[in-house]
Amino acid sequence: VQLQASGGGLVQAGGSLRLSCEVSGGTFTMNAMGWFRQAPGKKREFVAVVRWNNNSKYYADSVKGRFTISRDFAKNAVYLQMNSLKPADSAVYYCAASPTTPITSAVRDRQQYDYWGQGTQVTVSS
């Protein structure tokens, strides 16, 4: 199973980017997909996740109201629309996926996700 993430880049503060992540190589459907990010010198942190079974979505407080996660069943893919970007959003963004459905209290725990993409760099200039 491979996760291919794309869409990162350099943008000015206040701008937008859309990240994409598609799953390939597996015969099963992921039941939760999401995004984490890691800035230099910091731990990898939760950004957003969507669960397939009921389309429930969860966001980090720092991105609520600015980022929107969405999914495409047919493509086994997930997207992250990022608006009103801030320099603090600069990081490598990693796509993550789980073939099982994490319980609500665990959706933000990176240990719940078995598959990870290679990361895509997002840089927001001030």
# chains A, B, ... in the order shown; residues from 1 in each chain; ligands from 1
>>> residues_around(residues="A:Met33", least_positions_apart="5", cutoff="7 Å", atoms="only C-alpha atoms", output="PyMOL selection string")
chain A and resi 49-51+78+96-98
>>> residues_around(residues="stretch 56-71 of chain A", least_positions_apart="5", cutoff="9 Å", atoms="only C-alpha atoms", output="list in words")
Met33, Gly34, Trp35, Glu45, Phe46, Val47, Ala48, Val49, Val50, Arg51, Asn76, Ala77, Val78, Tyr79, Leu80, Gln81, Met82, Asn83, Ser84, Leu85, Asp89, Thr104, Val107 and Arg108 of chain A
>>> closest_residue(among="A:Ala106, A:Ala88, A:Leu19, A:Ala39", to="A:Gln4", atoms="only C-alpha atoms")
A:Leu19
>>> residues_around(residues="A:Arg44", least_positions_apart="2", cutoff="10 Å", atoms="only C-alpha atoms", output="list in words")
Phe36, Arg37, Gln38, Ala39, Pro40, Gly41, Lys42, Phe46, Val47, Ala91, Val92, Tyr93, Tyr94 and Arg110 of chain A
>>> atom_distance(atom1="atom CA of A:Gly26", atom2="atom CA of A:Leu3")
10.1 Å
>>> select_by_dssp(residues="chain A", states="strand (DSSP E or B)", output="ChimeraX atom specification")
/A:2-6,9-12,17-24,32-38,45-51,57-59,67-72,77-82,91-98,115-116,120-125
>>> write_last_selection(atoms="C-alpha atoms", output="mmCIF file, in the first residue's frame")
data_model
loop_
_atom_site.group_PDB
_atom_site.id
_atom_site.type_symbol
_atom_site.label_atom_id
_atom_site.label_comp_id
_atom_site.auth_asym_id
_atom_site.auth_seq_id
_atom_site.Cartn_x
_atom_site.Cartn_y
_atom_site.Cartn_z
ATOM 1 C CA GLN A 2 1.297 3.433 -0.921
ATOM 2 C CA LEU A 3 0.033 6.892 -0.129
ATOM 3 C CA GLN A 4 0.942 9.565 -2.626
ATOM 4 C CA ALA A 5 0.643 13.107 -1.335
ATOM 5 C CA SER A 6 0.872 16.216 -3.489
ATOM 6 C CA GLY A 9 4.303 24.631 -2.182
ATOM 7 C CA LEU A 10 5.212 28.187 -1.300
ATOM 8 C CA VAL A 11 2.434 30.689 -0.665
ATOM 9 C CA GLN A 12 2.094 34.087 0.955
ATOM 10 C CA LEU A 17 -3.283 25.515 -1.019
ATOM 11 C CA ARG A 18 -4.983 22.187 -1.622
ATOM 12 C CA LEU A 19 -3.281 18.962 -0.646
ATOM 13 C CA SER A 20 -4.210 15.627 -2.176
ATOM 14 C CA CYS A 21 -3.489 12.075 -1.102
ATOM 15 C CA GLU A 22 -4.381 8.912 -2.974
ATOM 16 C CA VAL A 23 -4.010 5.320 -1.876
ATOM 17 C CA SER A 24 -2.666 2.755 -4.301
ATOM 18 C CA ALA A 32 -9.987 6.802 8.095
ATOM 19 C CA MET A 33 -7.642 9.179 6.348
ATOM 20 C CA GLY A 34 -6.141 12.388 7.495
ATOM 21 C CA TRP A 35 -3.231 14.767 7.738
ATOM 22 C CA PHE A 36 -0.495 15.413 10.242
ATOM 23 C CA ARG A 37 2.288 17.957 10.000
ATOM 24 C CA GLN A 38 5.776 18.403 11.331
ATOM 25 C CA GLU A 45 1.060 16.931 15.143
ATOM 26 C CA PHE A 46 -2.496 16.158 14.162
ATOM 27 C CA VAL A 47 -4.170 18.434 11.616
ATOM 28 C CA ALA A 48 -7.394 16.820 10.399
ATOM 29 C CA VAL A 49 -9.010 13.438 9.788
ATOM 30 C CA VAL A 50 -12.177 12.080 8.206
ATOM 31 C CA ARG A 51 -13.732 8.754 9.048
ATOM 32 C CA LYS A 57 -14.422 15.111 10.508
ATOM 33 C CA TYR A 58 -12.041 16.290 13.182
ATOM 34 C CA TYR A 59 -9.702 19.246 13.187
ATOM 35 C CA PHE A 67 -8.877 24.071 6.708
ATOM 36 C CA THR A 68 -11.405 21.645 5.238
ATOM 37 C CA ILE A 69 -10.857 17.932 4.808
ATOM 38 C CA SER A 70 -12.812 15.952 2.240
ATOM 39 C CA ARG A 71 -12.774 12.481 0.736
ATOM 40 C CA ASP A 72 -13.386 10.664 -2.516
ATOM 41 C CA ALA A 77 -8.368 9.666 -1.648
ATOM 42 C CA VAL A 78 -8.440 12.531 0.801
ATOM 43 C CA TYR A 79 -7.952 16.248 0.291
ATOM 44 C CA LEU A 80 -7.083 19.167 2.532
ATOM 45 C CA GLN A 81 -8.174 22.628 1.448
ATOM 46 C CA MET A 82 -6.102 25.145 3.370
ATOM 47 C CA ALA A 91 5.594 22.313 7.852
ATOM 48 C CA VAL A 92 5.900 19.025 6.060
ATOM 49 C CA TYR A 93 2.391 17.634 5.755
ATOM 50 C CA TYR A 94 1.940 13.881 5.941
ATOM 51 C CA CYS A 95 -1.038 11.923 4.754
ATOM 52 C CA ALA A 96 -2.071 9.056 7.026
ATOM 53 C CA ALA A 97 -4.530 6.220 6.612
ATOM 54 C CA SER A 98 -6.040 3.440 8.641
ATOM 55 C CA TYR A 115 0.061 3.893 6.484
ATOM 56 C CA TRP A 116 1.870 7.147 5.794
ATOM 57 C CA THR A 120 4.729 17.370 1.089
ATOM 58 C CA GLN A 121 6.295 20.692 2.066
ATOM 59 C CA VAL A 122 4.092 23.694 2.776
ATOM 60 C CA THR A 123 5.836 27.026 3.263
ATOM 61 C CA VAL A 124 3.923 30.184 4.106
ATOM 62 C CA SER A 125 5.822 33.444 3.842
#
